[in-house]
Structures are given as C-alpha cells and as structure tokens.
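Visitor: Next comes upload19.txt, compact mmCIF, C-alpha atoms:
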# COMPACT_ATOMS: atom_id res chain seq x y z
CA MET A 1 -35.90 -11.66 30.30
CA ASN A 2 -32.84 -9.63 29.27
CA ILE A 3 -31.08 -12.07 26.94
CA LEU A 4 -28.02 -9.89 26.36
CA LYS A 5 -27.50 -9.38 30.10
CA ILE A 6 -27.73 -13.10 30.80
CA SER A 7 -25.41 -13.86 27.87
CA TYR A 8 -22.83 -11.39 29.19
CA LYS A 9 -22.93 -12.97 32.65
CA ASN A 10 -22.48 -16.44 31.12
CA ILE A 11 -19.45 -15.23 29.17
CA LYS A 12 -17.90 -13.79 32.33
CA THR A 13 -18.06 -17.19 34.01
CA LYS A 14 -15.52 -18.53 31.44
CA PRO A 15 -12.89 -15.74 31.30
CA LEU A 16 -9.95 -17.83 30.06
CA GLN A 17 -11.87 -19.62 27.33
CA THR A 18 -13.47 -16.34 26.23
CA PHE A 19 -10.10 -14.59 26.19
CA LEU A 20 -8.51 -17.26 23.99
CA THR A 21 -11.47 -17.21 21.57
CA VAL A 22 -11.36 -13.41 21.32
CA LEU A 23 -7.57 -13.42 20.93
CA ILE A 24 -7.34 -15.81 17.99
CA LEU A 25 -10.44 -14.38 16.30
CA SER A 26 -9.21 -10.77 16.54
CA LEU A 27 -5.73 -11.76 15.31
CA SER A 28 -7.16 -13.46 12.25
CA ILE A 29 -9.40 -10.47 11.52
CA GLY A 30 -6.49 -8.06 11.91
CA LEU A 31 -4.27 -10.11 9.60
CA LEU A 32 -6.91 -10.49 6.90
CA LEU A 33 -7.78 -6.79 6.90
CA GLY A 34 -4.14 -5.75 6.98
CA VAL A 35 -2.97 -7.98 4.15
CA LYS A 36 -5.93 -7.12 1.93
CA GLN A 37 -5.47 -3.40 2.50
CA LEU A 38 -1.70 -3.50 1.88
CA ASN A 39 -2.24 -5.33 -1.42
CA LYS A 40 -4.90 -2.87 -2.50
CA VAL A 41 -2.91 0.23 -1.49
CA PHE A 42 0.40 -0.83 -3.05
CA GLU A 43 -1.17 -1.95 -6.32
CA SER A 44 -3.05 1.34 -6.54
CA GLN A 45 0.07 3.36 -5.75
CA LEU A 46 2.15 1.56 -8.36
CA ALA A 47 -0.55 1.79 -11.01
CA GLN A 48 -0.91 5.52 -10.43
CA SER A 49 2.84 6.11 -10.42
CA LEU A 50 3.32 4.33 -13.77
CA ASN A 51 1.14 6.98 -15.40
CA GLY A 52 1.08 5.24 -18.75
CA VAL A 53 4.86 4.90 -19.08
CA ASP A 54 5.28 2.02 -21.51
CA MET A 55 9.06 1.72 -21.47
CA VAL A 56 12.10 3.10 -19.66
CA VAL A 57 15.44 3.43 -21.43
CA GLY A 58 18.58 3.78 -19.34
CA ALA A 59 22.02 2.36 -18.65
CA LYS A 60 22.69 -1.36 -18.74
CA GLY A 61 22.02 -3.21 -15.51
CA SER A 62 19.04 -4.54 -13.63
CA PRO A 63 15.79 -3.75 -15.49
CA LEU A 64 13.84 -3.81 -12.22
CA GLN A 65 16.30 -1.36 -10.65
CA LEU A 66 15.92 0.91 -13.68
CA VAL A 67 12.14 0.91 -13.28
CA LEU A 68 12.26 1.44 -9.51
CA SER A 69 14.69 4.33 -9.83
CA ALA A 70 13.36 6.09 -12.94
CA VAL A 71 9.61 5.57 -12.50
CA LEU A 72 8.97 5.02 -8.78
CA HIS A 73 12.07 6.85 -7.49
CA ILE A 74 12.74 4.35 -4.69
CA ASP A 75 16.12 2.98 -5.79
CA ASN A 76 19.48 4.18 -7.09
CA PRO A 77 19.83 4.58 -10.87
CA THR A 78 21.73 2.03 -12.94
CA GLY A 79 23.92 4.78 -14.41
CA ASN A 80 23.72 7.50 -17.05
CA ILE A 81 23.27 7.55 -20.81
CA SER A 82 24.18 10.05 -23.52
CA TYR A 83 21.53 12.73 -23.94
CA LYS A 84 22.52 13.18 -27.58
CA GLU A 85 22.00 9.49 -28.34
CA ALA A 86 18.82 9.40 -26.31
CA LYS A 87 17.36 12.26 -28.39
CA LYS A 88 18.10 10.29 -31.54
CA LEU A 89 16.26 7.29 -30.11
CA ALA A 90 13.29 9.50 -29.17
CA LYS A 91 12.71 10.24 -32.87
CA ASN A 92 11.81 6.61 -33.56
CA ARG A 93 8.46 6.31 -35.31
CA TYR A 94 7.16 3.93 -32.67
CA ILE A 95 7.66 6.51 -29.90
CA LYS A 96 4.95 9.04 -29.19
CA ASP A 97 6.50 10.79 -26.16
CA ALA A 98 9.97 10.55 -24.63
CA VAL A 99 10.57 12.46 -21.40
CA PRO A 100 14.22 12.73 -20.27
CA ILE A 101 15.04 12.64 -16.57
CA SER A 102 18.26 13.13 -14.67
CA ILE A 103 18.43 12.12 -11.01
CA GLY A 104 21.14 11.85 -8.40
CA ASP A 105 20.58 14.67 -5.89
CA ASN A 106 18.22 15.17 -2.97
CA TYR A 107 17.07 17.66 -0.38
CA LYS A 108 16.33 16.18 3.03
CA GLY A 109 15.64 12.82 1.38
CA TYR A 110 13.34 14.13 -1.35
CA LYS A 111 14.68 13.37 -4.84
CA LEU A 112 15.64 16.17 -7.22
CA VAL A 113 14.62 15.38 -10.82
CA GLY A 114 15.99 17.27 -13.81
CA THR A 115 13.55 17.02 -16.72
CA THR A 116 11.21 19.00 -18.95
CA THR A 117 7.72 20.35 -18.27
CA ASP A 118 6.42 17.26 -20.09
CA PHE A 119 7.26 15.34 -16.91
CA ILE A 120 4.53 17.22 -15.06
CA ASP A 121 2.03 16.52 -17.82
CA LEU A 122 3.05 12.86 -17.73
CA HIS A 123 2.01 12.67 -14.08
CA LYS A 124 -1.37 14.22 -14.85
CA THR A 125 -1.04 17.09 -12.43
CA LYS A 126 -0.96 20.86 -12.57
CA LEU A 127 0.26 23.82 -10.60
CA GLU A 128 -1.57 24.67 -7.42
CA LYS A 129 0.52 27.78 -6.82
CA GLY A 130 3.20 29.73 -8.66
CA ALA A 131 4.66 29.02 -12.09
CA LEU A 132 6.63 26.35 -13.94
CA PHE A 133 10.43 26.45 -13.97
CA LYS A 134 11.98 28.38 -16.85
CA ASN A 135 15.51 29.20 -15.78
CA PRO A 136 18.27 27.09 -14.21
CA PHE A 137 17.87 26.47 -10.45
CA GLU A 138 14.16 27.21 -10.48
CA ILE A 139 12.16 24.32 -9.07
CA VAL A 140 8.60 23.07 -8.77
CA ILE A 141 7.87 20.90 -5.74
CA GLY A 142 5.30 18.18 -5.07
CA SER A 143 2.60 18.67 -2.46
CA ALA A 144 4.18 16.26 0.03
CA VAL A 145 7.51 18.12 -0.21
CA ALA A 146 5.77 21.45 0.38
CA ASN A 147 3.71 20.21 3.31
CA ASN A 148 6.33 18.09 5.07
CA LEU A 149 9.15 20.63 4.71
CA ASN A 150 6.92 23.70 5.06
CA LEU A 151 8.25 25.23 1.83
CA LYS A 152 6.62 28.21 0.13
CA ILE A 153 6.97 30.11 -3.14
CA GLY A 154 10.22 32.07 -3.09
CA ASP A 155 12.03 29.83 -0.58
CA THR A 156 15.60 28.79 -1.45
CA PHE A 157 17.77 25.87 -0.33
CA ASN A 158 20.82 23.87 -1.37
CA SER A 159 20.49 20.27 -2.54
CA SER A 160 22.84 17.49 -1.52
CA HIS A 161 24.71 15.21 -3.90
CA GLY A 162 23.56 11.61 -3.92
CA MET A 163 20.35 9.86 -2.98
CA ILE A 164 20.91 9.76 0.80
CA GLU A 165 19.33 12.26 3.15
CA ASN A 166 21.75 14.60 4.93
CA ALA A 167 24.59 13.79 2.55
CA LEU A 168 27.77 15.70 3.44
CA GLU A 169 28.40 17.03 -0.07
CA SER A 170 26.02 19.85 -0.96
CA HIS A 171 25.75 22.26 -3.88
CA ASP A 172 26.18 25.45 -1.84
CA GLU A 173 27.10 27.52 -4.88
CA ASN A 174 23.79 26.75 -6.62
CA PRO A 175 20.77 27.47 -4.38
CA LEU A 176 17.45 26.24 -5.71
CA LYS A 177 14.43 28.56 -5.68
CA VAL A 178 10.84 27.38 -5.33
CA VAL A 179 8.73 28.94 -8.09
CA GLY A 180 5.78 26.52 -8.11
CA ILE A 181 3.91 23.98 -5.99
CA LEU A 182 2.02 21.11 -7.64
CA ALA A 183 -1.47 19.97 -6.78
CA PRO A 184 -1.63 16.69 -4.80
CA THR A 185 -2.00 13.50 -6.86
CA GLN A 186 -1.34 10.63 -4.41
CA ASN A 187 1.42 9.34 -6.68
CA VAL A 188 5.19 9.63 -6.87
CA ILE A 189 5.38 13.25 -8.07
CA ASP A 190 4.02 14.42 -4.70
CA ARG A 191 7.41 13.64 -3.17
CA LEU A 192 9.64 14.97 -5.94
CA ILE A 193 11.49 18.24 -6.54
CA VAL A 194 11.37 19.00 -10.26
CA THR A 195 13.65 21.31 -12.23
CA ASN A 196 15.04 21.54 -15.75
CA LEU A 197 17.92 19.44 -17.05
CA GLU A 198 20.21 22.48 -17.23
CA SER A 199 20.00 22.88 -13.44
CA ILE A 200 21.35 19.36 -12.92
CA TRP A 201 24.08 19.81 -15.50
CA HIS A 202 25.21 23.18 -14.07
CA MET A 203 25.35 21.75 -10.56
CA HIS A 204 27.64 18.95 -11.72
CA GLU A 205 29.88 20.87 -14.12
CA HIS A 206 32.65 21.03 -11.55
CA GLU A 207 32.72 17.23 -11.38
CA ASP A 208 34.21 16.88 -14.87
CA GLY A 209 36.60 19.80 -14.40
CA SER A 210 34.91 22.15 -16.90
CA GLU A 211 33.07 25.38 -16.31
CA SER A 212 30.94 25.28 -19.46
CA HIS A 213 30.40 22.95 -22.35
CA ASN A 214 27.88 21.91 -24.94
CA HIS A 215 24.97 20.35 -23.09
CA GLU A 216 24.39 17.99 -26.01
CA ASP A 217 27.40 16.13 -24.61
CA ASP A 218 25.76 15.80 -21.21
CA GLU A 219 24.13 12.73 -19.78
CA ILE A 220 20.73 11.84 -18.41
CA THR A 221 19.54 8.99 -16.25
CA ALA A 222 16.71 7.67 -18.38
CA LEU A 223 14.01 8.27 -20.96
CA LEU A 224 10.38 7.69 -20.00
CA ILE A 225 8.63 6.52 -23.16
CA LYS A 226 5.07 6.18 -24.40
CA PHE A 227 4.56 4.17 -27.59
CA SER A 228 2.68 5.56 -30.56
CA ASN A 229 1.23 2.09 -31.26
CA LYS A 230 1.47 -1.53 -30.10
CA MET A 231 4.20 -2.33 -32.59
CA GLY A 232 6.57 -0.33 -30.42
CA LEU A 233 6.04 -2.79 -27.57
CA LEU A 234 6.80 -5.72 -29.87
CA ARG A 235 9.88 -4.32 -31.60
CA LEU A 236 11.63 -1.58 -29.65
CA PRO A 237 12.65 -3.24 -26.35
CA ARG A 238 14.41 -6.16 -28.05
CA THR A 239 16.08 -3.90 -30.62
CA ILE A 240 17.37 -1.47 -27.99
CA ASN A 241 18.72 -4.21 -25.73
CA LYS A 242 20.40 -6.02 -28.62
CA ASP A 243 21.73 -3.23 -30.86
CA THR A 244 22.50 -0.30 -28.53
CA ASN A 245 24.42 0.49 -25.36
CA PHE A 246 21.11 1.28 -23.69
CA GLN A 247 18.79 -0.93 -21.68
CA ALA A 248 15.05 -1.00 -22.28
CA ALA A 249 12.76 -2.07 -19.43
CA LEU A 250 8.98 -2.44 -19.44
CA PRO A 251 7.62 -1.10 -16.11
CA LYS A 252 4.41 -3.13 -16.07
CA TYR A 253 6.24 -6.36 -16.89
CA GLU A 254 8.96 -5.79 -14.28
CA LEU A 255 6.49 -4.86 -11.56
CA ASP A 256 4.30 -7.85 -12.40
CA LYS A 257 7.35 -10.07 -11.87
CA LEU A 258 8.00 -8.34 -8.56
CA PHE A 259 4.40 -8.94 -7.50
CA GLN A 260 4.74 -12.62 -8.34
CA PHE A 261 7.48 -12.92 -5.72
CA THR A 262 5.69 -10.83 -3.09
CA ALA A 263 2.39 -12.59 -3.79
CA ILE A 264 3.84 -15.82 -2.39
CA ALA A 265 4.39 -14.19 0.99
CA THR A 266 1.06 -12.38 0.83
CA LYS A 267 -0.86 -15.56 0.02
CA SER A 268 0.95 -17.42 2.79
CA ILE A 269 -0.04 -14.80 5.37
CA THR A 270 -3.61 -14.80 4.05
CA TRP A 271 -3.91 -18.58 4.34
CA ILE A 272 -2.43 -18.45 7.83
CA ALA A 273 -5.03 -15.83 8.77
CA PHE A 274 -7.82 -18.01 7.36
CA ALA A 275 -6.44 -21.00 9.28
CA ILE A 276 -6.50 -18.96 12.50
CA LEU A 277 -10.01 -17.82 11.64
CA PHE A 278 -11.08 -21.45 11.16
CA VAL A 279 -9.58 -22.38 14.54
CA SER A 280 -11.32 -19.41 16.16
CA GLY A 281 -14.62 -20.59 14.65
CA ILE A 282 -14.06 -24.02 16.20
CA SER A 283 -13.14 -22.38 19.50
CA MET A 284 -16.36 -20.36 19.44
CA PHE A 285 -18.39 -23.50 18.72
CA VAL A 286 -16.70 -25.37 21.59
CA SER A 287 -17.31 -22.44 23.93
CA LEU A 288 -21.01 -22.24 23.05
CA TYR A 289 -21.47 -26.01 23.07
CA ARG A 290 -19.87 -26.35 26.50
CA MET A 291 -22.08 -23.55 27.80
CA VAL A 292 -25.17 -25.39 26.58
CA LYS A 293 -24.03 -28.69 28.14
CA GLU A 294 -22.76 -27.25 31.41
CA GLN A 295 -25.75 -24.98 31.95
CA ALA A 296 -28.31 -27.53 30.81
CA LYS A 297 -30.10 -27.45 34.18
CA GLU A 298 -30.35 -23.65 34.16
CA LEU A 299 -31.63 -23.69 30.58
CA ALA A 300 -34.20 -26.36 31.45
CA LEU A 301 -35.32 -24.26 34.43
CA VAL A 302 -35.77 -21.27 32.13
CA ARG A 303 -38.01 -23.43 29.94
CA THR A 304 -40.23 -24.26 32.92
CA TYR A 305 -40.84 -20.52 33.43
CA GLY A 306 -42.36 -20.32 30.00
CA ALA A 307 -39.36 -19.55 27.83
CA SER A 308 -39.56 -21.07 24.38
CA ARG A 309 -36.88 -23.10 22.63
CA ASN A 310 -36.29 -20.11 20.37
CA THR A 311 -35.47 -18.02 23.43
CA LEU A 312 -32.73 -20.47 24.39
CA ILE A 313 -31.39 -20.39 20.85
CA GLN A 314 -31.34 -16.60 21.01
CA LEU A 315 -29.45 -16.84 24.28
CA VAL A 316 -26.75 -19.01 22.68
CA PHE A 317 -26.60 -16.86 19.56
CA SER A 318 -26.28 -13.64 21.57
CA GLN A 319 -23.25 -15.05 23.40
CA GLY A 320 -21.59 -15.83 20.08
CA LEU A 321 -22.58 -12.38 18.81
CA ILE A 322 -21.05 -10.61 21.80
CA ILE A 323 -17.78 -12.54 21.43
CA GLY A 324 -17.75 -12.00 17.66
CA ILE A 325 -18.44 -8.24 17.78
CA PHE A 326 -15.91 -7.66 20.55
CA SER A 327 -13.29 -9.67 18.62
CA PHE A 328 -14.12 -7.82 15.42
CA ILE A 329 -13.63 -4.41 17.01
CA ILE A 330 -10.26 -5.46 18.43
CA GLY A 331 -9.25 -6.96 15.07
CA VAL A 332 -10.15 -3.78 13.17
CA LEU A 333 -8.17 -1.69 15.66
CA LEU A 334 -5.17 -4.03 15.32
CA ALA A 335 -5.33 -3.73 11.52
CA PHE A 336 -5.76 0.05 11.59
CA PHE A 337 -2.87 0.81 13.94
CA GLY A 338 -0.68 -1.84 12.30
CA LEU A 339 -1.28 -0.29 8.87
CA GLN A 340 -0.59 3.19 10.21
CA ALA A 341 2.74 1.95 11.58
CA VAL A 342 3.63 0.47 8.17
CA PHE A 343 2.59 3.65 6.35
CA THR A 344 4.62 5.79 8.76
CA SER A 345 7.68 3.61 8.15
CA ILE A 346 7.21 3.96 4.37
CA LYS A 347 6.83 7.72 4.71
CA ASN A 348 10.02 7.97 6.77
CA THR A 349 11.97 5.75 4.35
CA TYR A 350 10.60 6.72 0.94
CA LYS A 351 8.96 10.10 1.69
CA GLN A 352 5.67 8.83 0.26
CA GLN A 353 2.41 9.51 2.07
CA ILE A 354 0.01 6.56 1.82
CA TYR A 355 -3.62 6.48 2.88
CA LEU A 356 -6.13 3.71 3.53
CA LEU A 357 -8.05 2.74 0.42
CA GLU A 358 -11.69 1.60 0.66
CA PHE A 359 -10.98 0.36 4.19
CA LEU A 360 -14.65 0.62 5.21
CA ASN A 361 -15.64 -1.71 2.35
CA ASP A 362 -13.09 -4.29 3.53
CA ILE A 363 -14.45 -4.01 7.07
CA LEU A 364 -18.05 -4.55 5.97
CA GLU A 365 -17.14 -7.56 3.81
CA LEU A 366 -15.27 -9.23 6.64
CA LEU A 367 -18.03 -8.36 9.11
CA LEU A 368 -20.51 -10.34 7.01
CA PHE A 369 -18.06 -13.24 6.91
CA ILE A 370 -17.65 -13.20 10.70
CA PHE A 371 -21.41 -13.00 11.13
CA GLY A 372 -21.68 -16.17 9.03
CA ILE A 373 -19.16 -17.92 11.29
CA ILE A 374 -21.21 -16.95 14.36
CA ILE A 375 -24.38 -18.37 12.78
CA ILE A 376 -22.65 -21.65 11.87
CA ALA A 377 -21.10 -22.01 15.33
CA THR A 378 -24.48 -21.33 16.94
CA LEU A 379 -26.32 -23.85 14.75
CA MET A 380 -23.79 -26.53 15.67
CA ALA A 381 -23.84 -25.65 19.37
CA ILE A 382 -27.64 -25.66 19.89
CA ARG A 383 -28.14 -29.33 19.01
CA PRO A 384 -28.43 -30.36 22.70
CA ILE A 385 -31.30 -27.87 23.12
CA PHE A 386 -33.41 -29.77 20.58
CA LYS A 387 -32.68 -33.05 22.38
CA MET A 388 -33.26 -31.65 25.85
CA ASP A 389 -35.61 -33.60 28.15
CA ILE A 390 -36.61 -30.99 30.72
CA SER A 391 -37.81 -33.40 33.39
CA LYS A 392 -34.70 -35.60 33.23
CA THR A 393 -32.37 -32.63 33.15
CA LEU A 394 -33.95 -31.04 36.25
CA SER A 395 -33.86 -34.37 38.14
CA ASN A 396 -30.17 -34.80 37.19
CA GLU A 397 -30.94 -38.04 35.40
CA ASN A 398 -28.76 -39.18 32.48
What is this file in structure tokens?

Guide:
Amino acid sequence: MNILKISYKNIKTKPLQTFLTVLILSLSIGLLLGVKQLNKVFESQLAQSLNGVDMVVGAKGSPLQLVLSAVLHIDNPTGNISYKEAKKLAKNRYIKDAVPISIGDNYKGYKLVGTTTDFIDLHKTKLEKGALFKNPFEIVIGSAVANNLNLKIGDTFNSSHGMIENALESHDENPLKVVGILAPTQNVIDRLIVTNLESIWHMHEHEDGSESHNHEDDEITALLIKFSNKMGLLRLPRTINKDTNFQAALPKYELDKLFQFTAIATKSITWIAFAILFVSGISMFVSLYRMVKEQAKELALVRTYGASRNTLIQLVFSQGLIIGIFSFIIGVLLAFFGLQAVFTSIKNTYKQQIYLLEFLNDILELLLFIFGIIIIATLMAIRPIFKMDISKTLSNEN
C-alpha cells in the first residue's frame, strides 16, 4: 500500500478546503519568517554601524535626527557647529577619541563625508586597494560605492551640493579623485565617500564669499566621540546640553527609543501571524477530521484487507504532512521574495546593501514548530479511528 499516493489522492478530492488551509498556513509562515528576519537584520546593521560611538555632538535640534544623520547617514544633519569650539571640547579628560565629520554633499545619492583617517579606523575597516587621502579632493570610497557605480582607482567626478541624488548644483570646479577603495564591512561605511575636512571646506568657500580663510573658523557637522571611562557617560551629555551651544546625543539610547516605537508594530504583526497560524492549525485539524469521518467506510475496508490501525494513522498523518510541507515551501518563498523586495527598496533609497542573516536557522526553527502543529492536528483528528467499529461502518449502521 502506497500511503503517500493514497494521501495525495484524498487531498485532491477536497481542492477548496486544501487550498484555504495551504493559503492561511503559508501566509502565517511567510509573515513570521519575514518579521523575524527584518528584526534580526536591522538590529545587526545598526549595531555594526554604531561601531562603539558613545556620543555624538552636533547642532541643537532633534537628538534622534543627529544620530541618524551623523552615525547612520540616513537623515539630514541638524546644522553645523564651530570646529574650533569642537576641538576644545575634544580635549575633555572624559573623551578618548573625537572624530570630526562634515556632511552635506553627495554623488549619485552616496554621501560625501569630510573627516580624518580616524573615521576609517572607527569603522574597523582597511584599504582593499589604493591609498588613504592626503590632499584636498582625494577620496576613499566604500565597497558598495565602488561596486554599484563601477568606480576604480584614478577615476574623477564632481559631487553635488545637498543630500539629494541628482541635485542641480554641483561642484564642477573641484573634481574628486578616487585614491582608495575600502574593504567591505556590511556597515554604513560601505556606502560612503570619505575625504578630508579641507576638501569640504574648499568646495564651500564660495558660499561665504571668500576665497581663502583660516580653517579654524570653519564648521563641521558633528563629533563622533568615544569615552575614556564610564564617568563620561554620566557627566558629559548633561553638561554639554546645559552649558554649551552644542547638543549631545547618545546613539544607543536614541536608537533604543526608536526600537520601542517600531517594536509595537513588529509585535502586532508577529501576533497576527501567530493568530493566522493557530487558525491554520485548526483548519488542518478540521480537514483531517472530516476526511476520517467522510471516508470511514473506505478506511474500514482497508482494515479488512489486513491494514493495521497504525497504517490508518500513518495515512492521516501523511495527509497533514503533505499539506504542511507544501504550505511551508510556499511560505518560505513568500518570505524570501518579500524580504528581497524590502532590501531592494532600502538599497534604492539609502544606498545600503542588506543581506539575509541566519535565514536557514530561522527556517529550521519554524519547520520544527510546523511539524509540531501537524502532529497535534493528527492526534486530534484520529480519534474516530480508535472508536471505529468495522462491521457497523461497512454495513452503514450508526
């Protein structure tokens, strides 16, 4: 007796009921996998992009906006601050490292960051090709910039003013030259164009009407700070916000607050997915139970040909297994292609390449969970088999 073949034929006799069971089960699987993977990927991306930055100092405004712009480079800056005053602040005994950055330009949507070579060390990467910038208008580019724009060592281009791709105002008089390409890191520096502060200042000298001036009077966007000890965390942010014209923001704290808001939506979707999964489990039980009741005569006839009760149980279980596996495959495909669509949208908007993270582990965990549902549904559906009176069933007696 080919149990799988018989089970498949039984499933085909109930196409609508099978379709509805597969539909709701695959949707719940797709939602659960998708939400879990998005949470895991975004938390990993943010943790990597923070790179140990304890505090960001910038212009007054929204602290979250300051963090998003200066650390993650996905928002507009809150303004500029005096470089001279920022250097004074960097000498504080509670500060171990202070990396200045100046942002405000882009090339084809990729942000141009004026900074020092410490910025590259901060992001825990190194050169893959070429050399670090030394002179104005020399640049080092992230791996995503190099790959997506097909840029090589020695290539030159003109950046555009502002944070918007294809901005009309460009710095035609100051072409930038690629002198180095960074190794891939899977964090924010992959999508950045890095140069020295002087490059940014020279490109914007015409904006204040002067051809040359003391760069100590120039401005930067922010300072990325690492504390020398925990006392810095306790004392510096409050002091800076209260006694200076600067704003101090703690990246981890601000992003944790952001996650608290997004977690509400994430948890809601997760609970909805579990509710759908619960309904699909009930639907599977009903489908198997009805099969047992409606095909009672056929099952009793099988028993008369020598089939054991365990064989009938296997027959019911195999039907649930076929439905479950088919639904699981569809659910995984829905999650995979849905995530790829989200990642493509993020890449087009923020120029950040994102990859699946431990997706196979998530699949295996959920597969075990679905297998448990199939077992429970089968155990509930086979009760009539244990109560079956073969002689009465075959004679159509109640």

Visitor: Would you compute the distance between atom CA of Gln65 of chain A and atom CA of Asn80 of chain A? Give it in Å to one decimal.

Guide: 13.2 Å

Visitor: If we count only C-alpha atoms, what is near segment 85-94 of chain A at a cut-off of 9 Å, once residues fewer than 2 positions away on the same chain are taken out, given as a list in words?

Guide: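 After dropping sequence-adjacent residues, the list is Val57, Gly58, Ile81, Ser82, Tyr83, Lys96, Asp97, Ala98, Val99, Pro100, Ile220, Ala222, Leu223, Ile225, Lys226, Phe227, Ser228, Asn229, Lys230, Met231, Gly232, Leu233, Arg235, Leu236 and Phe246 of chain A.
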
Visitor: Which residue, A:Lys126, A:Val342, A:Ala249, A:Leu149, has the smallest gap to Ile189 of chain A when you use only C-alpha atoms?

Guide: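 Among A:Lys126, A:Val342, A:Ala249, A:Leu149, it is A:Lys126 that comes nearest to Ile189 of chain A.
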
Visitor: Report as an MDAnalysis selection string all protein, DNA and RNA residues lying within 8 Å of Ala335 of chain A, evaluated on all atoms listed in the file, omitting residues in the same chain fewer than 2 positions from it.

Guide: chainID A and resid 29:31 33:34 331:333 337:339

Visitor: Go through segment 15-70 of chain A residue by residue and, counting only C-alpha atoms, keep those with an atom at most 12 Å from segment 273-297 of chain A; for each kept residue give the shortest atom pair and its distance in Å to one decimal, ordered by chain and increasing number, as a tab-separated table.

Guide:
residue	atom	partner	partner_atom	distance
A:Pro15	CA	A:Ser287	CA	10.9
A:Leu16	CA	A:Ser287	CA	10.6
A:Gln17	CA	A:Ser287	CA	7.0
A:Thr18	CA	A:Ser287	CA	7.6
A:Phe19	CA	A:Ser283	CA	10.7
A:Leu20	CA	A:Ser283	CA	8.2
A:Thr21	CA	A:Ser283	CA	5.8
A:Val22	CA	A:Ser280	CA	7.9
A:Leu23	CA	A:Ser280	CA	8.5
A:Ile24	CA	A:Ser280	CA	5.7
A:Leu25	CA	A:Ser280	CA	5.1
A:Ser26	CA	A:Leu277	CA	8.6
A:Leu27	CA	A:Ala273	CA	7.7
A:Ser28	CA	A:Ala273	CA	4.7
A:Ile29	CA	A:Leu277	CA	7.4
A:Gly30	CA	A:Ala273	CA	8.5
A:Leu31	CA	A:Ala273	CA	5.8
A:Leu32	CA	A:Ala273	CA	6.0
A:Leu33	CA	A:Ala273	CA	9.6
A:Gly34	CA	A:Ala273	CA	10.3
A:Val35	CA	A:Ala273	CA	9.3
A:Lys36	CA	A:Ala273	CA	11.1

Visitor: Just the residues within 12 Å of Leu50 of chain A, please, counting only C-alpha atoms, with nothing from its chain fewer than 5 positions along; format it as a count of residues only.

Guide: 26

Visitor: I'd like the contact shell of Thr266 of chain A - 12 Å cut-off, all atoms listed in the file, skipping same-chain residues fewer than 2 positions apart - returned as a PyMOL selection string.

Guide: chain A and resi 31-32+34-40+259-264+268-273

Visitor: Emit the selected residues as a compact mmCIF listing (two decimals), in the frame of the given file, including C-alpha atoms.

Guide:
# COMPACT_ATOMS: atom_id res chain seq x y z
CA LEU A 31 -4.27 -10.11 9.60
CA LEU A 32 -6.91 -10.49 6.90
CA GLY A 34 -4.14 -5.75 6.98
CA VAL A 35 -2.97 -7.98 4.15
CA LYS A 36 -5.93 -7.12 1.93
CA GLN A 37 -5.47 -3.40 2.50
CA LEU A 38 -1.70 -3.50 1.88
CA ASN A 39 -2.24 -5.33 -1.42
CA LYS A 40 -4.90 -2.87 -2.50
CA PHE A 259 4.40 -8.94 -7.50
CA GLN A 260 4.74 -12.62 -8.34
CA PHE A 261 7.48 -12.92 -5.72
CA THR A 262 5.69 -10.83 -3.09
CA ALA A 263 2.39 -12.59 -3.79
CA ILE A 264 3.84 -15.82 -2.39
CA SER A 268 0.95 -17.42 2.79
CA ILE A 269 -0.04 -14.80 5.37
CA THR A 270 -3.61 -14.80 4.05
CA TRP A 271 -3.91 -18.58 4.34
CA ILE A 272 -2.43 -18.45 7.83
CA ALA A 273 -5.03 -15.83 8.77

Visitor: Might you pull out every residue within 6 Å of Thr78 of chain A, with all atoms listed in the file counted and same-chain residues fewer than 3 positions away left off, and present them as a PyMOL selection string?

Guide: chain A and resi 59+61+66

Visitor: For Phe317 of chain A, which of A:Ile373, A:Tyr355, A:Leu132, A:Glu298 is the closest residue, counting only C-alpha atoms?

Guide: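 Checking each candidate against Phe317 of chain A, we get A:Ile373 as the closest.
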
Visitor: One number please: atom CA of Phe328 of chain A to atom CA of Glu365 of chain A, in Å, one decimal.

Guide: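 One can read the atom CA of Phe328 of chain A to atom CA of Glu365 of chain A distance as 12.0 Å.
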
Visitor: Return the single residue from A:Lys177, A:Lys108, A:Lys9, A:Lys392 that is closest to Val145 of chain A, with distances computed using all atoms listed in the file.

Guide: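 Using all atoms listed in the file, Val145 of chain A sits closest to A:Lys108.
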
Visitor: I'd like the interatomic distance between atom CA of Gly324 of chain A and atom CA of Leu367 of chain A, to a tenth of an Å.

Guide: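 Value for the atom CA of Gly324 of chain A-atom CA of Leu367 of chain A distance: 9.3 Å.
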
Visitor: Name the closest residue to Asn196 of chain A among the candidates A:Thr117, A:Gln319, A:Thr311, A:Gln48; distances are taken between atoms, counting all atoms listed in the file.

Guide: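 The shortest atom-to-atom distance to Asn196 of chain A comes from A:Thr117.
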
Visitor: Take segment 3-11 of chain A, model N, CA, C and O atoms, and hand the result over as a JSON list (two decimals), keeping the file's coordinate frame.

Guide:
[["chain", "number", "residue", "atom", "x", "y", "z"],
["A", 3, "ILE", "N", -31.95, -11.03, 27.50],
["A", 3, "ILE", "CA", -31.08, -12.07, 26.94],
["A", 3, "ILE", "C", -29.62, -11.62, 26.89],
["A", 3, "ILE", "O", -28.70, -12.39, 27.24],
["A", 4, "LEU", "N", -29.39, -10.39, 26.48],
["A", 4, "LEU", "CA", -28.02, -9.89, 26.36],
["A", 4, "LEU", "C", -27.33, -9.85, 27.73],
["A", 4, "LEU", "O", -26.14, -10.18, 27.85],
["A", 5, "LYS", "N", -28.07, -9.44, 28.76],
["A", 5, "LYS", "CA", -27.50, -9.38, 30.10],
["A", 5, "LYS", "C", -27.13, -10.76, 30.61],
["A", 5, "LYS", "O", -26.06, -10.97, 31.19],
["A", 6, "ILE", "N", -28.01, -11.72, 30.38],
["A", 6, "ILE", "CA", -27.73, -13.10, 30.80],
["A", 6, "ILE", "C", -26.54, -13.66, 30.02],
["A", 6, "ILE", "O", -25.67, -14.33, 30.59],
["A", 7, "SER", "N", -26.51, -13.38, 28.71],
["A", 7, "SER", "CA", -25.41, -13.86, 27.87],
["A", 7, "SER", "C", -24.08, -13.30, 28.36],
["A", 7, "SER", "O", -23.07, -14.02, 28.43],
["A", 8, "TYR", "N", -24.07, -12.03, 28.71],
["A", 8, "TYR", "CA", -22.83, -11.39, 29.19],
["A", 8, "TYR", "C", -22.36, -12.04, 30.48],
["A", 8, "TYR", "O", -21.16, -12.29, 30.67],
["A", 9, "LYS", "N", -23.31, -12.33, 31.38],
["A", 9, "LYS", "CA", -22.93, -12.97, 32.65],
["A", 9, "LYS", "C", -22.38, -14.38, 32.41],
["A", 9, "LYS", "O", -21.43, -14.82, 33.07],
["A", 10, "ASN", "N", -22.97, -15.10, 31.45],
["A", 10, "ASN", "CA", -22.48, -16.44, 31.12],
["A", 10, "ASN", "C", -21.06, -16.39, 30.57],
["A", 10, "ASN", "O", -20.22, -17.25, 30.87],
["A", 11, "ILE", "N", -20.80, -15.38, 29.74],
["A", 11, "ILE", "CA", -19.45, -15.23, 29.17],
["A", 11, "ILE", "C", -18.44, -14.95, 30.27],
["A", 11, "ILE", "O", -17.32, -15.48, 30.24]]
